[in-house]
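A.B. asks: Next up, structure-v3.cif (mmCIF, C-alpha atoms).
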```
data_work
#
loop_
_atom_site.label_atom_id
_atom_site.label_comp_id
_atom_site.auth_asym_id
_atom_site.auth_seq_id
_atom_site.Cartn_x
_atom_site.Cartn_y
_atom_site.Cartn_z
CA MET A 66 121.49 43.75 -80.80
CA ARG A 67 120.38 43.83 -77.18
CA ALA A 68 116.90 42.53 -76.27
CA ARG A 69 114.53 45.20 -75.21
CA ARG A 70 113.57 44.93 -71.53
CA ILE A 71 109.86 44.97 -70.81
CA PRO A 72 109.06 47.45 -68.04
CA TRP A 73 106.96 45.04 -65.92
CA GLY A 74 106.82 47.31 -62.94
CA ARG A 75 105.18 50.11 -64.92
CA TRP A 76 101.98 48.22 -65.79
CA VAL A 77 101.61 45.37 -63.25
CA ALA A 78 100.46 47.71 -60.48
CA PRO A 79 97.87 49.53 -62.68
CA VAL A 80 96.45 46.21 -63.98
CA LEU A 81 96.15 44.70 -60.51
CA GLY A 82 94.54 47.92 -59.30
CA THR A 83 92.03 47.79 -62.14
CA PHE A 84 91.07 44.18 -61.38
CA LEU A 85 90.75 44.96 -57.68
CA PHE A 86 88.56 47.97 -58.46
CA LEU A 87 86.29 45.89 -60.71
CA ALA A 88 86.03 43.13 -58.10
CA VAL A 89 85.11 45.57 -55.35
CA LEU A 90 82.61 47.28 -57.66
CA ALA A 91 80.97 43.94 -58.51
CA VAL A 92 80.68 43.03 -54.82
CA VAL A 93 79.18 46.43 -53.96
CA VAL A 94 76.63 46.18 -56.78
CA VAL A 95 75.61 42.66 -55.78
CA LEU A 96 75.39 43.44 -52.08
CA THR A 97 73.15 46.44 -52.73
CA LEU A 98 70.66 44.61 -54.93
CA PRO A 99 67.05 45.07 -53.76
CA GLY A 100 65.54 42.20 -51.77
CA ASP A 101 62.84 41.64 -54.39
CA THR A 102 65.53 41.03 -57.00
CA LEU A 103 67.19 38.38 -54.82
CA LEU A 104 63.90 36.66 -54.05
CA SER A 105 62.87 36.65 -57.70
CA ALA A 106 66.08 34.73 -58.43
CA VAL A 107 65.38 32.16 -55.71
CA ARG A 108 61.62 31.60 -56.15
CA PRO A 109 61.68 29.77 -59.53
CA ALA A 110 64.13 27.12 -58.27
CA LEU A 111 62.06 26.50 -55.13
CA GLY A 112 58.78 26.65 -57.04
CA ARG A 113 59.83 23.66 -59.13
CA HIS A 114 59.85 21.67 -55.88
CA GLY A 115 56.46 22.97 -54.73
CA ILE A 116 57.90 25.49 -52.24
CA ARG A 117 56.85 29.12 -52.01
CA ILE A 118 58.90 31.63 -50.07
CA ASP A 119 58.26 35.22 -48.96
CA ALA A 120 60.51 37.42 -46.84
CA ARG A 121 60.42 40.83 -45.22
CA GLU A 122 64.09 41.46 -46.00
CA ALA A 123 66.69 39.79 -48.21
CA ALA A 124 70.41 40.49 -48.54
CA LEU A 125 73.44 38.76 -49.99
CA ARG A 126 75.91 37.20 -47.62
CA PHE A 127 79.62 37.47 -48.47
CA PRO A 128 81.15 35.71 -50.31
CA VAL A 129 78.31 33.59 -51.79
CA GLY A 130 75.00 33.39 -49.98
CA VAL A 131 71.57 34.86 -49.29
CA ARG A 132 70.16 35.83 -45.89
CA LEU A 133 66.39 36.18 -45.48
CA THR A 134 64.56 37.54 -42.43
CA GLY A 135 60.86 37.52 -41.60
CA VAL A 136 60.38 34.46 -43.80
CA THR A 137 57.20 32.52 -44.62
CA LEU A 138 57.63 29.09 -46.18
CA ALA A 139 54.74 27.19 -47.75
CA VAL A 140 54.95 23.66 -49.14
CA ALA A 141 52.21 22.50 -51.48
CA GLY A 142 49.45 20.82 -49.49
CA HIS A 143 50.70 22.05 -46.11
CA PRO A 144 50.08 25.21 -44.05
CA ALA A 145 52.61 28.05 -44.23
CA VAL A 146 55.35 28.19 -41.58
CA PRO A 147 56.85 31.47 -40.31
CA VAL A 148 60.63 31.47 -39.78
CA ASP A 149 62.70 34.24 -38.20
CA GLU A 150 65.74 33.79 -40.43
CA VAL A 151 66.92 31.61 -43.32
CA THR A 152 70.45 31.55 -44.71
CA LEU A 153 71.41 29.83 -47.95
CA ALA A 154 75.14 29.80 -48.62
CA TRP A 155 77.92 28.16 -50.59
CA GLU A 156 80.86 27.45 -48.28
CA TRP A 157 84.15 26.55 -49.94
CA THR A 158 85.35 24.78 -46.78
CA GLY A 159 82.48 22.33 -47.27
CA LEU A 160 84.18 20.98 -50.39
CA PHE A 161 86.48 18.92 -48.14
CA ARG A 162 83.40 16.88 -47.19
CA TRP A 163 81.81 17.44 -50.62
CA LEU A 164 78.94 19.26 -48.88
CA PRO A 165 79.48 22.92 -49.79
CA ALA A 166 75.82 24.00 -50.01
CA ARG A 167 74.28 24.97 -46.66
CA LEU A 168 70.80 25.92 -45.48
CA ARG A 169 70.21 27.21 -41.94
CA PHE A 170 67.01 28.38 -40.27
CA LEU A 171 66.12 29.97 -36.94
CA ARG A 172 62.68 30.15 -35.35
CA GLY A 173 62.78 31.33 -31.78
CA SER A 174 64.88 28.77 -29.89
CA ALA A 175 64.51 26.21 -32.70
CA SER A 176 67.23 25.83 -35.32
CA GLY A 177 68.14 23.60 -38.22
CA ASP A 178 71.30 23.12 -40.25
CA LEU A 179 71.27 21.23 -43.57
CA ARG A 180 74.30 20.62 -45.78
CA PHE A 181 74.08 19.35 -49.36
CA SER A 182 76.25 17.99 -52.12
CA PRO A 183 77.31 20.58 -54.77
CA ALA A 184 74.22 20.15 -56.98
CA PHE A 185 72.01 21.62 -54.26
CA TRP A 186 69.02 21.89 -56.61
CA ASN A 187 69.09 18.07 -56.90
CA PRO A 188 71.36 16.81 -54.09
CA SER A 189 72.48 13.20 -53.84
CA ARG A 190 73.66 13.30 -50.23
CA GLY A 191 73.77 15.54 -47.20
CA THR A 192 73.50 15.96 -43.45
CA VAL A 193 70.84 17.50 -41.22
CA SER A 194 70.87 18.59 -37.59
CA LEU A 195 67.95 19.98 -35.57
CA ALA A 196 67.85 21.57 -32.12
CA GLY A 197 64.93 22.80 -30.05
CA VAL A 198 62.36 21.73 -32.67
CA SER A 199 58.92 20.54 -31.57
CA SER A 200 55.94 19.09 -33.41
CA ALA A 201 54.40 22.59 -33.32
CA ASP A 202 57.19 23.71 -35.67
CA LEU A 203 56.50 20.93 -38.18
CA PRO A 204 53.55 21.51 -40.57
CA LEU A 205 52.53 17.85 -40.71
CA PRO A 206 48.80 17.03 -40.51
CA VAL A 207 49.52 13.83 -38.57
CA PHE A 208 50.42 15.93 -35.51
CA SER A 209 47.43 18.26 -35.70
CA THR A 210 44.86 15.53 -36.41
CA SER A 211 46.09 12.75 -34.12
CA GLY A 212 47.37 14.75 -31.16
CA ALA A 213 50.79 13.09 -31.36
CA GLY A 214 53.75 15.24 -30.44
CA LEU A 215 57.46 15.39 -29.78
CA ALA A 216 60.08 17.86 -28.59
CA ILE A 217 63.60 17.47 -29.99
CA ARG A 218 66.61 18.45 -27.94
CA ARG A 219 69.04 17.43 -30.65
CA ALA A 220 68.83 15.25 -33.75
CA GLU A 221 71.48 14.50 -36.36
CA ALA A 222 71.43 12.37 -39.49
CA SER A 223 73.33 11.78 -42.72
CA TRP A 224 71.35 10.84 -45.82
CA ARG A 225 71.83 9.72 -49.39
CA ILE A 226 69.59 9.38 -52.44
CA SER A 227 70.43 6.58 -54.86
CA GLY A 228 68.16 5.35 -57.63
CA GLY A 229 65.44 7.69 -56.40
CA LYS A 230 65.39 6.04 -52.96
CA LEU A 231 66.31 7.74 -49.69
CA SER A 232 68.47 6.16 -47.01
CA ALA A 233 69.55 7.83 -43.78
CA ASP A 234 71.09 6.99 -40.43
CA GLY A 235 70.99 9.13 -37.32
CA SER A 236 70.40 9.63 -33.62
CA ALA A 237 68.19 11.89 -31.54
CA SER A 238 67.61 13.07 -28.01
CA LEU A 239 64.01 14.08 -27.22
CA GLU A 240 62.42 15.88 -24.31
CA HIS A 241 59.37 13.69 -24.85
CA LEU A 242 57.50 11.58 -27.38
CA ARG A 243 53.71 11.41 -27.08
CA ILE A 244 51.60 8.81 -28.91
CA PRO A 245 47.79 9.03 -28.40
CA VAL A 246 46.03 5.65 -28.35
CA PRO A 247 42.36 6.40 -29.19
CA ALA A 248 41.23 2.79 -29.75
CA PRO A 249 38.31 2.11 -27.32
CA GLU A 250 39.63 -1.34 -26.35
CA SER A 251 43.11 0.00 -25.52
CA PRO A 252 44.01 -0.07 -21.79
CA ILE A 253 45.75 3.32 -22.07
CA ARG A 254 44.68 6.58 -23.68
CA ASP A 255 48.17 7.75 -24.59
CA ALA A 256 51.82 6.81 -24.16
CA ARG A 257 54.17 9.63 -23.25
CA ILE A 258 57.85 8.69 -23.10
CA ASP A 259 60.18 11.24 -21.50
CA ASN A 260 63.94 11.81 -21.85
CA VAL A 261 64.14 9.70 -25.00
CA ASP A 262 67.36 8.64 -26.71
CA LEU A 263 67.07 6.77 -29.96
CA LEU A 264 69.01 5.46 -32.93
CA PHE A 265 67.15 5.37 -36.24
CA ALA A 266 67.46 4.62 -39.93
CA VAL A 267 65.33 5.52 -42.94
CA ARG A 268 65.11 3.08 -45.82
CA SER A 269 62.96 4.30 -48.70
CA ASP A 270 59.61 5.11 -47.00
CA THR A 271 60.23 3.19 -43.74
CA PHE A 272 61.50 4.81 -40.53
CA ARG A 273 63.14 2.18 -38.29
CA ILE A 274 64.05 2.65 -34.64
CA SER A 275 66.83 0.24 -33.73
CA ARG A 276 67.13 1.49 -30.15
CA LEU A 277 64.83 3.56 -27.94
CA ALA A 278 65.45 4.33 -24.27
CA GLY A 279 63.54 6.60 -21.94
CA PHE A 280 60.99 6.73 -19.11
CA TYR A 281 57.32 5.75 -19.21
CA GLU A 282 55.17 6.65 -16.19
CA GLY A 283 58.35 6.96 -14.12
CA SER A 284 59.74 3.55 -15.09
CA ARG A 285 62.74 3.04 -17.35
CA VAL A 286 61.86 1.56 -20.76
CA ASP A 287 63.70 0.40 -23.85
CA GLY A 288 62.54 -0.95 -27.17
CA THR A 289 62.42 -0.88 -30.96
CA GLY A 290 59.90 0.09 -33.60
CA GLU A 291 59.18 1.33 -37.09
CA ILE A 292 56.85 3.50 -39.13
CA ALA A 293 56.11 2.03 -42.55
CA GLY A 294 54.63 4.01 -45.45
CA LEU A 295 56.02 7.51 -44.84
CA ARG A 296 54.96 8.70 -48.30
CA ASN A 297 51.36 8.67 -47.06
CA PRO A 298 51.50 9.71 -43.37
CA ALA A 299 47.73 9.36 -42.89
CA ALA A 300 47.95 5.65 -43.73
CA ALA A 301 51.44 4.98 -42.31
CA VAL A 302 51.59 2.04 -39.90
CA LEU A 303 53.29 2.33 -36.50
CA THR A 304 54.76 -0.63 -34.63
CA LEU A 305 56.39 0.05 -31.27
CA HIS A 306 57.60 -2.53 -28.74
CA LEU A 307 58.59 -1.22 -25.29
CA ARG A 308 59.88 -3.18 -22.31
CA VAL A 309 59.20 -1.68 -18.88
CA GLN A 310 62.35 -2.66 -17.00
CA ASN A 311 61.07 -2.13 -13.45
CA PRO A 312 57.37 -1.20 -13.38
CA PHE A 313 57.35 -0.90 -9.57
CA GLU A 314 59.50 2.23 -9.84
CA GLY A 315 56.67 4.17 -11.48
CA ARG A 316 52.90 4.25 -11.93
CA VAL A 317 52.57 1.14 -14.12
CA ALA A 318 52.15 -1.18 -11.12
CA THR A 319 49.50 1.11 -9.61
CA MET A 320 47.66 1.51 -12.91
CA PHE A 321 47.28 -2.24 -13.45
CA ASP A 322 47.50 -3.62 -9.89
CA MET A 323 50.53 -5.70 -10.80
CA LEU A 324 50.98 -6.89 -7.22
CA ALA A 325 47.65 -8.69 -7.48
CA LYS A 326 48.65 -10.08 -10.88
CA ASN A 327 51.94 -11.28 -9.36
CA ALA A 328 53.77 -9.80 -12.37
CA LYS A 329 57.29 -8.44 -12.23
CA ASN A 330 57.72 -7.17 -15.78
CA ALA A 331 55.61 -5.49 -18.43
CA ASN A 332 55.72 -5.01 -22.18
CA LEU A 333 53.85 -2.24 -24.00
CA ARG A 334 53.02 -2.88 -27.64
CA ILE A 335 51.51 -0.12 -29.82
CA VAL A 336 50.37 -1.08 -33.33
CA GLY A 337 48.21 0.63 -35.93
CA THR A 338 48.08 3.65 -38.19
CA LEU A 339 49.63 6.88 -36.96
CA THR A 340 46.18 8.41 -36.53
CA ALA A 341 44.57 5.43 -34.76
CA PRO A 342 47.06 3.09 -33.03
CA LYS A 343 46.12 0.48 -30.43
CA GLY A 344 47.95 -0.18 -27.17
CA GLU A 345 48.40 -3.52 -25.44
CA PHE A 346 50.08 -4.40 -22.12
CA ARG A 347 51.49 -7.83 -21.42
CA PHE A 348 52.59 -8.79 -17.90
CA PHE A 349 54.93 -11.59 -16.95
#
```
Please rewrite the model in this file as structure tokens.

C.D. replies:
Amino acid sequence: MRARRIPWGRWVAPVLGTFLFLAVLAVVVVLTLPGDTLLSAVRPALGRHGIRIDAREAALRFPVGVRLTGVTLAVAGHPAVPVDEVTLAWEWTGLFRWLPARLRFLRGSASGDLRFSPAFWNPSRGTVSLAGVSSADLPLPVFSTSGAGLAIRRAEASWRISGGKLSADGSASLEHLRIPVPAPESPIRDARIDNVDLLFAVRSDTFRISRLAGFYEGSRVDGTGEIAGLRNPAAAVLTLHLRVQNPFEGRVATMFDMLAKNAKNANLRIVGTLTAPKGEFRFF
């Protein structure tokens, strides 16, 4: 008795067509969800981390992502920050680096790009890059109360959380770094370093600068430093050691009459809390 041939060609095409229709229908339904529905799905996850988000418009981004425009972000204990656009997405290509979750933001000429490990609600590692960000974009009281400031051209870092402790390594290029020195006995009122390049590392709550190069008062400088106690910025302690390589190139010699002191080199040491550091010059 001959086996009965199954007519594959008669039903394969209808089944594939049905699946394709259902897939397209699902995508259309998801992409046309109201913005409030999308935000209501995102807010609880962010709220558990003390973050509140509002947006003028929200839409899904194909294949898996959310795009928000006219965004206001508020972190508990800090003022709200307006952002032009925020995109949260899951990118399959990121699985090759095991960093598929991605968060991007735009605010005028400032931008940020963060990539996370798959469990983005509790990531263990990631990368971050910033461009065009200044202290005015960062809602940190230490900038508004102390008068300190910075302008980032480009900054990149990779980070990891292990045992509840953060570690990170990165580099940055800054337009300038300004450190006010309000102590009455300090010989300078502020230290502004221009065209800064630095290498840094974060270990738990300590920010360490292994290399800093730039220009102070027209003279080339290099140095190292650290900020200890990042968990409490108001009480964090700054230590910065700068070597003025040729003070006669800039205003340092004029400021301190180094010709009369017969000094050829100068060191600038800044020590104290972030809100009230002290500056000290040493000539030799």

A.B. asks: Starting from the PyMOL selection byres ((chain A and resi 288) around 12), expand the selection into actual residues of this file and give them as a compact mmCIF listing (two decimals) with C-alpha atoms, in the frame of the given file.

C.D. replies:
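Result saved to out.txt:
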```txt
# COMPACT_ATOMS: atom_id res chain seq x y z
CA ILE A 258 57.85 8.69 -23.10
CA VAL A 261 64.14 9.70 -25.00
CA ASP A 262 67.36 8.64 -26.71
CA LEU A 263 67.07 6.77 -29.96
CA LEU A 264 69.01 5.46 -32.93
CA PHE A 265 67.15 5.37 -36.24
CA ARG A 273 63.14 2.18 -38.29
CA ILE A 274 64.05 2.65 -34.64
CA SER A 275 66.83 0.24 -33.73
CA ARG A 276 67.13 1.49 -30.15
CA LEU A 277 64.83 3.56 -27.94
CA ALA A 278 65.45 4.33 -24.27
CA GLY A 279 63.54 6.60 -21.94
CA PHE A 280 60.99 6.73 -19.11
CA TYR A 281 57.32 5.75 -19.21
CA ARG A 285 62.74 3.04 -17.35
CA VAL A 286 61.86 1.56 -20.76
CA ASP A 287 63.70 0.40 -23.85
CA THR A 289 62.42 -0.88 -30.96
CA GLY A 290 59.90 0.09 -33.60
CA GLU A 291 59.18 1.33 -37.09
CA THR A 304 54.76 -0.63 -34.63
CA LEU A 305 56.39 0.05 -31.27
CA HIS A 306 57.60 -2.53 -28.74
CA LEU A 307 58.59 -1.22 -25.29
CA ARG A 308 59.88 -3.18 -22.31
CA VAL A 309 59.20 -1.68 -18.88
CA GLN A 310 62.35 -2.66 -17.00
CA ASN A 332 55.72 -5.01 -22.18
CA LEU A 333 53.85 -2.24 -24.00
CA ARG A 334 53.02 -2.88 -27.64
CA ILE A 335 51.51 -0.12 -29.82
```

A.B. asks: Do you know which residues the PyMOL selection byres ((chain A and resi 156) around 10) returns on this file, as a list in words?

C.D. replies: Pro128, Val129, Gly130, Leu153, Ala154, Trp155, Trp157, Thr158, Gly159, Leu160, Leu164, Pro165, Ala166, Arg167 and Arg180 of chain A

A.B. asks: Tell me which residues the PyMOL selection byres ((chain A and resi 228-234) around 8) grabs here, as a list in words.

C.D. replies: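 The output of the PyMOL selection byres ((chain A and resi 228-234) around 8) on this file is Ala222, Ser223, Trp224, Arg225, Ile226, Ser227, Gly235, Ser236, Leu264, Phe265, Ala266, Val267, Arg268, Ser269 and Asp270 of chain A.
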
A.B. asks: What would the file look like if the residues just selected were written as a PDB file, in the coordinates of the input with C-alpha atoms?

C.D. replies:
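Output file out.pdb follows:
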```
ATOM      1  CA  ALA A 222      71.430  12.370 -39.490  1.00  0.00           C
ATOM      2  CA  SER A 223      73.330  11.780 -42.720  1.00  0.00           C
ATOM      3  CA  TRP A 224      71.350  10.840 -45.820  1.00  0.00           C
ATOM      4  CA  ARG A 225      71.830   9.720 -49.390  1.00  0.00           C
ATOM      5  CA  ILE A 226      69.590   9.380 -52.440  1.00  0.00           C
ATOM      6  CA  SER A 227      70.430   6.580 -54.860  1.00  0.00           C
ATOM      7  CA  GLY A 235      70.990   9.130 -37.320  1.00  0.00           C
ATOM      8  CA  SER A 236      70.400   9.630 -33.620  1.00  0.00           C
ATOM      9  CA  LEU A 264      69.010   5.460 -32.930  1.00  0.00           C
ATOM     10  CA  PHE A 265      67.150   5.370 -36.240  1.00  0.00           C
ATOM     11  CA  ALA A 266      67.460   4.620 -39.930  1.00  0.00           C
ATOM     12  CA  VAL A 267      65.330   5.520 -42.940  1.00  0.00           C
ATOM     13  CA  ARG A 268      65.110   3.080 -45.820  1.00  0.00           C
ATOM     14  CA  SER A 269      62.960   4.300 -48.700  1.00  0.00           C
ATOM     15  CA  ASP A 270      59.610   5.110 -47.000  1.00  0.00           C
TER      16      ASP A 270
END
```

A.B. asks: Tell me which of A:Ser182, A:Gly177, A:Pro245, A:Glu150 sits closest to Trp163 in chain A, counting only C-alpha atoms.

C.D. replies: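 Smallest separation from Trp163 in chain A among the options: A:Ser182.
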
A.B. asks: So what do you get for CA of Ala220 in chain A versus CA of Ala201 in chain A, distance-wise?

C.D. replies: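 CA of Ala201 in chain A lies 16.2 Å from CA of Ala220 in chain A.
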